[in-house]
>>> print(open('run_33.cif').read())   # mmCIF, C-alpha atoms (C1' of nucleotides)
data_structure
#
loop_
_atom_site.label_atom_id
_atom_site.label_comp_id
_atom_site.auth_asym_id
_atom_site.auth_seq_id
_atom_site.Cartn_x
_atom_site.Cartn_y
_atom_site.Cartn_z
CA MET A 1 0.00 0.00 0.00
CA ASN A 2 1.08 3.65 0.22
CA THR A 3 3.88 3.85 2.73
CA PRO A 4 4.06 7.64 3.30
CA GLY A 5 0.41 7.86 4.34
CA LEU A 6 0.65 4.90 6.68
CA GLU A 7 3.77 6.22 8.30
CA LEU A 8 2.10 9.54 8.97
CA ILE A 9 -1.11 8.10 10.40
CA LEU A 10 0.75 5.67 12.67
CA GLN A 11 2.93 8.48 13.90
CA ASN A 12 -0.20 10.57 14.47
CA ILE A 13 -1.73 7.80 16.56
CA SER A 14 1.45 7.05 18.46
CA ARG A 15 1.27 10.52 19.98
CA PHE A 16 -1.43 9.25 22.35
CA ILE A 17 -1.35 5.45 22.39
CA GLU A 18 1.18 2.67 21.76
CA LEU A 19 0.32 -0.21 19.45
CA ASN A 20 1.88 -3.63 18.97
CA SER A 21 2.38 -5.00 15.49
CA GLY A 22 -0.80 -7.09 15.52
CA GLU A 23 -2.87 -4.04 16.42
CA ILE A 24 -1.15 -2.00 13.74
CA ASP A 25 -1.91 -4.65 11.12
CA PHE A 26 -5.54 -4.83 12.13
CA PHE A 27 -5.90 -1.07 12.09
CA VAL A 28 -4.16 -0.71 8.75
CA SER A 29 -6.40 -3.40 7.25
CA LEU A 30 -9.40 -1.16 7.95
CA LEU A 31 -8.04 1.87 6.10
CA LYS A 32 -9.03 2.67 2.53
CA PRO A 33 -6.67 4.95 0.61
CA HIS A 34 -8.49 7.49 -1.50
CA HIS A 35 -7.28 10.11 -3.94
CA LEU A 36 -9.11 13.38 -4.51
CA ARG A 37 -8.70 15.78 -7.39
CA ARG A 38 -9.04 19.51 -6.78
CA ARG A 39 -12.73 20.38 -6.11
CA GLN A 40 -13.69 16.72 -5.81
CA PHE A 41 -16.23 15.85 -3.11
CA LEU A 42 -15.55 13.48 -0.26
CA LEU A 43 -19.06 14.08 1.11
CA GLN A 44 -22.04 15.93 -0.33
CA GLU A 45 -24.70 17.74 1.66
CA GLY A 46 -27.64 15.51 2.50
CA MET A 47 -25.63 12.30 2.40
CA VAL A 48 -24.84 10.06 5.35
CA CYS A 49 -21.18 10.38 6.27
CA ASN A 50 -19.68 6.92 6.69
CA TYR A 51 -16.02 7.80 6.91
CA THR A 52 -13.62 9.69 9.05
CA ALA A 53 -10.75 10.80 6.81
CA PHE A 54 -7.10 11.22 7.71
CA VAL A 55 -5.38 13.62 5.32
CA TYR A 56 -1.79 12.73 4.47
CA ASN A 57 -1.43 14.95 1.46
CA GLY A 58 -3.25 18.06 0.25
CA CYS A 59 -6.01 20.10 1.85
CA LEU A 60 -9.73 19.50 2.45
CA ARG A 61 -12.49 21.62 3.91
CA SER A 62 -15.88 20.92 5.50
CA TYR A 63 -18.56 23.55 5.03
CA SER A 64 -22.26 24.23 4.72
CA VAL A 65 -24.09 26.32 2.16
CA ASP A 66 -26.79 28.67 3.44
CA SER A 67 -30.09 29.61 1.78
CA ASN A 68 -28.40 32.51 -0.04
CA GLY A 69 -25.77 30.23 -1.51
CA PHE A 70 -22.95 31.41 0.78
CA GLU A 71 -20.45 28.90 2.06
CA HIS A 72 -19.44 28.74 5.71
CA ILE A 73 -16.38 26.71 6.56
CA LEU A 74 -16.30 24.57 9.68
CA GLN A 75 -12.83 23.14 9.22
CA PHE A 76 -9.75 22.98 7.06
CA ALA A 77 -7.73 19.78 7.12
CA ILE A 78 -4.19 19.58 5.81
CA GLU A 79 -1.61 16.81 6.24
CA ASP A 80 -1.80 15.06 9.60
CA TRP A 81 -5.39 16.20 10.30
CA TRP A 82 -8.62 14.25 10.61
CA ILE A 83 -11.89 15.38 9.04
CA GLY A 84 -15.47 14.14 8.84
CA ASP A 85 -19.06 15.13 9.54
CA MET A 86 -19.39 14.40 13.23
CA TYR A 87 -23.13 15.01 13.23
CA SER A 88 -23.77 12.46 10.53
CA LEU A 89 -21.20 9.99 11.87
CA VAL A 90 -22.86 10.05 15.28
CA THR A 91 -26.51 10.10 14.30
CA ARG A 92 -26.21 8.02 11.12
CA GLN A 93 -28.55 10.60 9.55
CA PRO A 94 -27.95 12.68 6.40
CA GLY A 95 -25.81 15.68 7.32
CA PHE A 96 -25.60 19.36 6.40
CA LEU A 97 -21.92 19.43 5.61
CA THR A 98 -20.08 19.17 2.34
CA ILE A 99 -16.46 18.02 2.32
CA ASP A 100 -14.24 18.61 -0.68
CA ALA A 101 -10.63 19.07 -1.66
CA LEU A 102 -9.08 22.51 -2.10
CA GLU A 103 -6.00 20.85 -3.61
CA GLU A 104 -5.19 17.50 -5.11
CA SER A 105 -5.25 15.37 -1.97
CA ASP A 106 -4.77 11.91 -0.52
CA VAL A 107 -6.66 10.54 2.45
CA LEU A 108 -7.04 7.33 4.40
CA LEU A 109 -10.66 6.48 5.13
CA LEU A 110 -11.89 4.74 8.26
CA HIS A 111 -15.49 3.53 8.07
CA ARG A 112 -17.64 4.32 11.10
CA ASP A 113 -18.56 0.63 11.44
CA ASP A 114 -14.89 -0.32 11.39
CA GLN A 115 -14.11 2.42 13.87
CA LEU A 116 -16.72 1.07 16.28
CA ARG A 117 -15.40 -2.48 15.76
CA LEU A 118 -11.92 -1.15 16.44
CA PHE A 119 -13.14 0.35 19.73
CA ASN A 120 -14.39 -3.08 20.79
CA GLU A 121 -11.41 -5.10 19.68
CA VAL A 122 -8.66 -2.64 20.59
CA PRO A 123 -9.97 -0.37 23.36
CA LYS A 124 -6.82 1.73 23.09
CA PHE A 125 -8.37 3.21 19.95
CA GLU A 126 -11.37 4.37 21.92
CA ARG A 127 -8.86 6.17 24.11
CA PHE A 128 -7.13 7.64 21.09
CA PHE A 129 -10.30 9.09 19.66
CA ARG A 130 -11.47 10.22 23.08
CA ILE A 131 -8.27 12.24 23.41
CA LEU A 132 -8.55 13.52 19.84
CA LEU A 133 -12.10 14.63 20.59
CA GLU A 134 -11.04 16.39 23.77
CA LYS A 135 -8.39 18.37 21.92
CA SER A 136 -10.76 19.10 19.08
CA MET A 137 -13.37 20.33 21.57
CA VAL A 138 -10.86 22.69 23.12
CA MET A 139 -10.06 24.22 19.73
CA HIS A 140 -13.73 24.54 18.80
CA GLN A 141 -14.55 26.16 22.11
CA LEU A 142 -11.68 28.60 21.69
CA ARG A 143 -12.87 29.52 18.21
CA LEU A 144 -16.45 29.91 19.38
CA MET A 145 -15.44 32.22 22.22
CA GLU A 146 -13.32 34.28 19.85
CA ASN A 147 -16.25 34.54 17.48
CA ILE A 148 -18.69 35.84 20.03
CA SER A 149 -16.23 38.18 21.72
CA MET A 150 -13.87 39.67 19.12
CA PRO A 151 -14.13 41.83 16.01
CA ALA A 152 -13.16 40.24 12.71
CA ALA A 153 -9.75 41.92 12.47
CA GLN A 154 -8.62 40.35 15.70
CA ARG A 155 -10.03 36.96 14.72
CA TYR A 156 -8.11 37.14 11.49
CA GLN A 157 -4.85 37.88 13.28
CA ILE A 158 -5.34 35.00 15.66
CA PHE A 159 -6.18 32.64 12.82
CA ALA A 160 -3.14 33.78 10.86
CA SER A 161 -0.78 33.22 13.76
CA ARG A 162 -2.40 29.92 14.77
CA TYR A 163 -2.48 28.39 11.28
CA PRO A 164 0.26 30.01 9.17
CA GLN A 165 0.42 26.91 6.90
CA ILE A 166 -3.26 27.34 6.05
CA ILE A 167 -3.04 31.07 5.43
CA ALA A 168 -0.17 30.36 3.07
CA ARG A 169 -2.00 27.93 0.81
CA VAL A 170 -5.72 28.72 0.98
CA PRO A 171 -7.39 31.56 -0.99
CA GLN A 172 -8.72 34.54 0.97
CA THR A 173 -12.31 33.79 0.05
CA GLN A 174 -11.96 30.55 1.99
CA ILE A 175 -10.41 32.25 5.00
CA ALA A 176 -13.27 34.74 4.99
CA ALA A 177 -15.81 31.90 4.87
CA TYR A 178 -14.07 30.39 7.89
CA LEU A 179 -13.97 33.63 9.88
CA GLY A 180 -17.61 34.39 9.13
CA ILE A 181 -17.05 37.56 7.08
CA THR A 182 -17.19 38.54 3.42
CA PRO A 183 -14.07 38.37 1.23
CA GLU A 184 -14.39 42.11 0.55
CA PHE A 185 -14.30 42.91 4.22
CA LEU A 186 -11.32 40.62 4.80
CA SER A 187 -9.49 42.52 2.08
CA LYS A 188 -10.16 45.78 3.94
CA ILE A 189 -9.02 44.25 7.23
CA LYS A 190 -5.71 43.27 5.67
CA LYS A 191 -5.20 46.75 4.25
CA ASP A 192 -5.87 48.34 7.63
CA LEU A 193 -3.50 45.96 9.39
CA LEU A 194 -0.73 46.75 6.90
CA ARG A 195 -1.27 50.49 7.29
CA LYS A 196 -0.93 50.19 11.07
CA LYS A 197 2.52 48.60 10.83
CA MET B 198 -25.43 10.03 50.33
CA ASN B 199 -27.86 12.11 48.27
CA THR B 200 -30.12 9.72 46.44
CA PRO B 201 -31.75 12.10 43.92
CA GLY B 202 -28.43 13.17 42.44
CA LEU B 203 -27.13 9.63 42.19
CA GLU B 204 -30.27 8.40 40.53
CA LEU B 205 -30.03 11.13 37.94
CA ILE B 206 -26.35 10.62 37.14
CA LEU B 207 -26.74 6.84 36.86
CA GLN B 208 -29.70 7.29 34.57
CA ASN B 209 -27.66 9.78 32.55
CA ILE B 210 -24.86 7.27 32.14
CA SER B 211 -27.17 4.36 31.41
CA ARG B 212 -28.23 6.12 28.24
CA PHE B 213 -24.98 5.00 26.62
CA ILE B 214 -23.47 2.18 28.70
CA GLU B 215 -24.68 -0.52 31.09
CA LEU B 216 -23.04 -0.99 34.46
CA ASN B 217 -23.08 -3.85 36.95
CA SER B 218 -23.44 -3.11 40.66
CA GLY B 219 -19.70 -3.33 41.34
CA GLU B 220 -18.96 -0.78 38.65
CA ILE B 221 -21.71 1.46 39.97
CA ASP B 222 -20.29 1.30 43.48
CA PHE B 223 -16.80 2.11 42.26
CA PHE B 224 -18.03 5.01 40.18
CA VAL B 225 -20.19 6.40 42.95
CA SER B 226 -17.26 6.20 45.37
CA LEU B 227 -15.39 8.67 43.18
CA LEU B 228 -18.10 11.32 43.21
CA LYS B 229 -18.02 14.28 45.56
CA PRO B 230 -21.34 16.02 46.18
CA HIS B 231 -21.03 19.78 46.29
CA HIS B 232 -23.52 22.52 47.00
CA LEU B 233 -23.29 25.96 45.42
CA ARG B 234 -25.03 29.11 46.52
CA ARG B 235 -26.18 31.61 43.90
CA ARG B 236 -23.13 33.41 42.40
CA GLN B 237 -20.71 30.99 44.04
CA PHE B 238 -17.71 29.91 41.99
CA LEU B 239 -16.96 26.35 41.04
CA LEU B 240 -13.87 27.49 39.12
CA GLN B 241 -12.14 30.84 38.88
CA GLU B 242 -10.22 32.15 35.90
CA GLY B 243 -6.54 31.28 36.05
CA MET B 244 -7.05 28.19 38.20
CA VAL B 245 -6.45 24.62 37.10
CA CYS B 246 -9.76 22.83 36.65
CA ASN B 247 -9.62 19.48 38.40
CA TYR B 248 -13.25 18.48 38.21
CA THR B 249 -15.93 17.68 35.73
CA ALA B 250 -19.26 18.54 37.32
CA PHE B 251 -22.60 16.83 36.83
CA VAL B 252 -25.46 19.17 37.69
CA TYR B 253 -28.44 17.51 39.35
CA ASN B 254 -30.07 20.64 40.65
CA GLY B 255 -29.88 24.31 39.68
CA CYS B 256 -28.02 26.04 36.88
CA LEU B 257 -24.34 26.81 36.25
CA ARG B 258 -22.52 28.69 33.51
CA SER B 259 -18.98 28.71 32.15
CA TYR B 260 -17.70 31.97 30.73
CA SER B 261 -14.69 34.16 30.13
CA VAL B 262 -14.24 37.85 30.84
CA ASP B 263 -12.60 39.96 28.13
CA SER B 264 -10.24 42.90 28.55
CA ASN B 265 -13.19 45.33 28.67
CA GLY B 266 -14.83 43.40 31.47
CA PHE B 267 -17.54 41.83 29.32
CA GLU B 268 -18.60 38.27 29.98
CA HIS B 269 -18.96 35.72 27.18
CA ILE B 270 -20.77 32.52 28.01
CA LEU B 271 -19.56 29.22 26.64
CA GLN B 272 -22.15 26.99 28.27
CA PHE B 273 -25.15 26.81 30.54
CA ALA B 274 -25.64 23.62 32.51
CA ILE B 275 -28.92 22.73 34.17
CA GLU B 276 -30.06 19.42 35.68
CA ASP B 277 -28.71 16.38 33.85
CA TRP B 278 -25.85 18.30 32.17
CA TRP B 279 -22.09 18.05 32.57
CA ILE B 280 -19.83 21.09 32.82
CA GLY B 281 -16.11 21.77 33.19
CA ASP B 282 -13.19 23.59 31.60
CA MET B 283 -12.09 21.15 28.92
CA TYR B 284 -8.98 23.15 28.09
CA SER B 285 -7.71 23.05 31.64
CA LEU B 286 -8.83 19.46 32.24
CA VAL B 287 -6.92 18.30 29.18
CA THR B 288 -3.76 20.39 29.49
CA ARG B 289 -3.61 20.52 33.30
CA GLN B 290 -2.78 24.20 32.85
CA PRO B 291 -4.58 27.20 34.37
CA GLY B 292 -7.64 27.99 32.24
CA PHE B 293 -9.44 31.09 30.99
CA LEU B 294 -12.90 30.06 32.09
CA THR B 295 -14.89 30.91 35.16
CA ILE B 296 -17.67 28.60 36.28
CA ASP B 297 -20.31 29.76 38.72
CA ALA B 298 -23.88 29.13 39.75
CA LEU B 299 -26.76 31.23 38.42
CA GLU B 300 -29.04 29.59 40.96
CA GLU B 301 -28.61 27.66 44.16
CA SER B 302 -27.26 24.41 42.74
CA ASP B 303 -26.08 20.90 43.53
CA VAL B 304 -23.42 19.05 41.60
CA LEU B 305 -21.49 15.80 41.71
CA LEU B 306 -17.77 16.29 41.10
CA LEU B 307 -15.53 13.81 39.34
CA HIS B 308 -11.82 14.51 39.70
CA ARG B 309 -9.81 14.32 36.49
CA ASP B 310 -7.42 11.83 38.12
CA ASP B 311 -10.34 9.65 39.16
CA GLN B 312 -11.85 9.95 35.71
CA LEU B 313 -8.62 8.70 34.12
CA ARG B 314 -8.41 5.89 36.69
CA LEU B 315 -12.00 5.03 35.86
CA PHE B 316 -11.09 4.81 32.16
CA ASN B 317 -8.40 2.27 33.00
CA GLU B 318 -10.40 0.18 35.43
CA VAL B 319 -13.79 0.33 33.69
CA PRO B 320 -13.18 0.98 29.97
CA LYS B 321 -16.90 1.36 29.45
CA PHE B 322 -16.52 4.80 31.00
CA GLU B 323 -14.06 5.80 28.36
CA ARG B 324 -16.78 4.86 25.91
CA PHE B 325 -19.34 6.87 27.81
CA PHE B 326 -17.26 10.02 27.77
CA ARG B 327 -16.22 9.43 24.17
CA ILE B 328 -19.90 9.40 23.21
CA LEU B 329 -20.64 12.40 25.40
CA LEU B 330 -17.80 14.26 23.70
CA GLU B 331 -19.05 13.34 20.26
CA LYS B 332 -22.50 14.71 21.03
CA SER B 333 -21.05 17.78 22.65
CA MET B 334 -18.87 18.38 19.58
CA VAL B 335 -21.91 18.20 17.34
CA MET B 336 -23.69 20.84 19.38
CA HIS B 337 -20.65 23.10 19.48
CA GLN B 338 -20.15 22.80 15.74
CA LEU B 339 -23.79 23.61 15.14
CA ARG B 340 -23.57 26.68 17.33
CA LEU B 341 -20.35 27.80 15.68
CA MET B 342 -21.83 27.49 12.20
CA GLU B 343 -24.90 29.41 13.30
CA ASN B 344 -22.69 32.13 14.73
CA ILE B 345 -20.69 32.67 11.58
CA SER B 346 -23.65 32.44 9.23
CA MET B 347 -26.73 33.96 10.84
CA PRO B 348 -27.78 37.37 12.18
CA ALA B 349 -28.45 37.62 15.91
CA ALA B 350 -32.26 37.57 15.63
CA GLN B 351 -32.20 34.18 13.97
CA ARG B 352 -29.63 32.84 16.46
CA TYR B 353 -31.88 33.95 19.28
CA GLN B 354 -34.89 32.16 17.83
CA ILE B 355 -32.94 28.96 17.40
CA PHE B 356 -31.58 29.17 20.92
CA ALA B 357 -35.05 29.81 22.32
CA SER B 358 -36.56 26.82 20.55
CA ARG B 359 -33.61 24.54 21.32
CA TYR B 360 -33.36 25.40 25.02
CA PRO B 361 -36.78 26.59 26.23
CA GLN B 362 -35.94 25.54 29.81
CA ILE B 363 -32.93 27.84 29.82
CA ILE B 364 -34.73 30.80 28.28
CA ALA B 365 -37.35 30.40 30.99
CA ARG B 366 -35.00 30.63 33.96
CA VAL B 367 -31.94 32.64 32.89
CA PRO B 368 -31.85 36.49 32.73
CA GLN B 369 -31.63 38.12 29.31
CA THR B 370 -28.21 39.56 30.00
CA GLN B 371 -26.93 36.00 30.24
CA ILE B 372 -28.63 34.93 27.02
CA ALA B 373 -27.08 37.94 25.28
CA ALA B 374 -23.63 36.98 26.62
CA TYR B 375 -24.19 33.51 25.18
CA LEU B 376 -25.36 34.72 21.78
CA GLY B 377 -22.50 37.19 21.49
CA ILE B 378 -24.57 40.38 21.49
CA THR B 379 -25.34 43.19 23.94
CA PRO B 380 -28.37 42.97 26.25
CA GLU B 381 -29.73 46.17 24.69
CA PHE B 382 -29.67 44.67 21.25
CA LEU B 383 -31.33 41.48 22.45
CA SER B 384 -34.09 43.61 23.89
CA LYS B 385 -34.61 45.20 20.47
CA ILE B 386 -34.58 41.83 18.76
CA LYS B 387 -37.34 40.60 21.04
CA LYS B 388 -39.41 43.70 20.37
CA ASP B 389 -39.06 43.25 16.62
CA LEU B 390 -39.98 39.58 16.80
CA LEU B 391 -43.11 40.39 18.79
CA ARG B 392 -44.13 43.09 16.33
CA LYS B 393 -43.81 40.66 13.44
CA LYS B 394 -46.26 38.17 14.97
"C1'" DC C 395 -42.42 51.13 50.27
"C1'" DG C 396 -37.82 51.69 48.86
"C1'" DT C 397 -33.77 49.55 46.94
"C1'" DC C 398 -31.39 46.86 43.80
"C1'" DT C 399 -31.11 44.76 39.53
"C1'" DA C 400 -32.82 43.73 34.93
"C1'" DT C 401 -34.96 45.46 30.88
"C1'" DT C 402 -36.28 48.88 27.58
"C1'" DT C 403 -35.77 53.04 24.70
"C1'" DG C 404 -33.38 56.33 21.80
"C1'" DA C 405 -29.70 58.84 19.41
"C1'" DA C 406 -25.18 58.65 17.66
"C1'" DT C 407 -21.44 55.70 16.15
"C1'" DG C 408 -18.94 51.81 14.46
"C1'" DT C 409 -18.58 47.37 12.36
"C1'" DA C 410 -19.64 44.55 8.62
"C1'" DC C 411 -22.40 43.67 4.24
"C1'" DT C 412 -24.08 44.53 -0.64
"C1'" DC C 413 -23.39 45.53 -5.15
"C1'" DA C 414 -20.77 47.03 -8.90
"C1'" DA C 415 -16.59 47.77 -10.99
"C1'" DA C 416 -11.59 47.80 -11.41
"C1'" DA C 417 -7.18 45.74 -10.81
"C1'" DG C 418 -4.03 41.84 -10.22
"C1'" DC C 419 -2.42 37.21 -11.32
"C1'" DG C 420 -1.66 32.70 -13.10
"C1'" DG C 421 -2.10 29.71 -16.85
"C1'" DT C 422 -2.67 28.65 -21.81
"C1'" DG C 423 -2.55 29.16 -26.69
"C1'" DG C 424 -1.09 31.65 -30.61
"C1'" DC D 425 6.98 36.19 -25.64
"C1'" DC D 426 2.75 38.27 -25.47
"C1'" DA D 427 -2.39 38.37 -25.34
"C1'" DC D 428 -6.26 36.74 -23.50
"C1'" DC D 429 -9.13 34.12 -20.22
"C1'" DG D 430 -10.86 32.90 -15.75
"C1'" DC D 431 -10.43 33.61 -11.07
"C1'" DT D 432 -9.12 36.14 -6.91
"C1'" DT D 433 -8.42 40.36 -4.67
"C1'" DT D 434 -9.15 45.24 -4.13
"C1'" DT D 435 -11.76 49.63 -4.00
"C1'" DG D 436 -15.70 52.55 -3.14
"C1'" DA D 437 -20.36 54.18 -2.17
"C1'" DG D 438 -24.49 53.19 0.09
"C1'" DT D 439 -26.94 50.33 3.52
"C1'" DA D 440 -27.87 47.20 7.34
"C1'" DC D 441 -26.63 45.12 11.56
"C1'" DA D 442 -24.95 45.75 16.09
"C1'" DT D 443 -22.71 48.70 19.82
"C1'" DT D 444 -22.22 52.61 23.01
"C1'" DC D 445 -23.81 55.57 26.32
"C1'" DA D 446 -27.29 57.70 28.92
"C1'" DA D 447 -31.65 57.68 30.81
"C1'" DA D 448 -36.27 55.87 31.72
"C1'" DT D 449 -39.13 51.83 33.17
"C1'" DA D 450 -40.19 47.70 35.06
"C1'" DG D 451 -39.63 43.73 38.34
"C1'" DA D 452 -38.13 41.31 42.45
"C1'" DC D 453 -37.45 41.18 47.12
"C1'" DG D 454 -36.75 42.37 51.86
#
>>> encode(input="run_33.cif", output="structure tokens")
Amino acid sequence: MNTPGLELILQNISRFIELNSGEIDFFVSLLKPHHLRRRQFLLQEGMVCNYTAFVYNGCLRSYSVDSNGFEHILQFAIEDWWIGDMYSLVTRQPGFLTIDALEESDVLLLHRDDQLRLFNEVPKFERFFRILLEKSMVMHQLRLMENISMPAAQRYQIFASRYPQIIARVPQTQIAAYLGITPEFLSKIKKDLLRKK
Amino acid sequence: MNTPGLELILQNISRFIELNSGEIDFFVSLLKPHHLRRRQFLLQEGMVCNYTAFVYNGCLRSYSVDSNGFEHILQFAIEDWWIGDMYSLVTRQPGFLTIDALEESDVLLLHRDDQLRLFNEVPKFERFFRILLEKSMVMHQLRLMENISMPAAQRYQIFASRYPQIIARVPQTQIAAYLGITPEFLSKIKKDLLRKK
DNA sequence: CGTCTATTTGAATGTACTCAAAAGCGGTGG
DNA sequence: CCACCGCTTTTGAGTACATTCAAATAGACG
């Protein structure tokens, strides 16, 4: 199979749990490699999300489209990140999110059924995802608090310093859709910030 | 000990996992009942959060205070809800959140050390909290998406229909601090909504 | 009944959006 | 190598959403 992706995902997991070779083999047997072209969908709105994806190359985004056709981005995922539609994964109902690739990308897919089997057969994985969820919660809570308490300019600065790799490779329209502002306004924010320096 | 609280927490847990009497006894032995007067702190900003609290009576809130002295509410927790400072629980560092009681309240406290011990000794509890985290993530993601994509009036309506029990017992200033708007503006929103009906 | 707090109202201001148009920036083909 | 195309970013004027500050009103409670 594809060695670089496996190396990265095993390293990602080894940050929180330690696996023996049998556990590694079992885990790896559950993963489906998947290639995505630019703009290709991993999940479309209204579909049930069956997979959690680990990105080992490229960049994906999860987002929803409102009644006026505007996109609002929940998450970017570059190398070494996980992405999926938690709502749909948990409820097994059709979700509101779309997931697609901003660049040519490669992911490893873990089916929800396989994930749950994994939790039963190797409880360490339940620990791994529990820890991943805890960290993810912390970041979401931080972002939420920033959103309800700070003006857009400040949110942009925090985002830029927190995720310089993402700023560097993602178009401004996408950043604006993540921050919850229009691209035009983000452009003005950047001008103002430059002027102040 | 206090039977009503225990009944409620065991029922809460039984929604996702089943326990035998030995496991119940062990779990219960780790819980510390705690009473809070109105306005009393469970956690103060800058302290390490050691406990996850299960509310079985009353109403708590977690919030941060910005540099201008304004409060921003992350979560309300009434009967049958869990509350804590995930950031501080996970990192074991001093956190940014304050947790206090909006009403005279009763909680059951689970120390982070005991929680981690529990995960080792009764792995079912790791499952329980993994599921709790998944559901909590879904709600946070929903709220975040609403915040970046909807005007305040709509966010208020959604909040009111999603949490009627909270609207009924929490002052408007607190709702405003949760929605990310000023109390004055919330007052105007309510007036407008009434006029439209 | 008075005191304390929460809510409402209003005018002025600031933050962010809309719409339309111009400018910049790769790529691709001639 | 340049000209053109499609896409992203910038600019600007007008508007809408939300805040600030100050003051009036309304509720809750001893």
>>> resolve_selection(input="run_33.cif", expression="the PyMOL selection byres ((chain C and resi 411-422) around 8)", output="list in words")
Thr182 of chain A; DA410 and DG423 of chain C; DT433, DT434, DT435, DT439 and DA440 of chain D
>>> atom_distance(input="run_33.cif", atom1="atom CA of A:Ser14", atom2="atom CA of A:Lys124")
10.9 Å
>>> resolve_selection(input="run_33.cif", expression="the PyMOL selection byres ((chain B) within 12 of (chain C))", output="VMD selection string")
chain B and resid 348 367 to 371 380 to 388
>>> residues_around(input="run_33.cif", residues="stretch 99-111 of chain A", least_positions_apart="5", cutoff="10 Å", atoms="only C-alpha atoms (C1' of nucleotides)", output="VMD selection string")
chain A and resid 2 5 to 6 9 27 to 45 49 to 64 73 to 85 89 116 to 117 169 to 171 174
>>> interface_residues(input="run_33.cif", of="chain B", to="chain A", cutoff="6 Å", atoms="all atoms listed in the file", output="list in words")
Tyr284, Arg327, Val335, Leu341, Ile345 and Gly377 of chain B
>>> closest_atom_pairs(input="run_33.cif", of="chain D", to="chain B", cutoff="9 Å", atoms="all atoms listed in the file", output="CSV")
residue,atom,partner,partner_atom,distance
D:DC441,C1',B:Pro348,CA,7.9
D:DA442,C1',B:Phe382,CA,7.1
D:DT443,C1',B:Thr379,CA,7.4
>>> atom_distance(input="run_33.cif", atom1="atom CA of A:Leu193", atom2="atom CA of A:Gln165")
19.6 Å
>>> atom_distance(input="run_33.cif", atom1="atom CA of B:Phe223", atom2="atom CA of B:Gln290")
27.8 Å
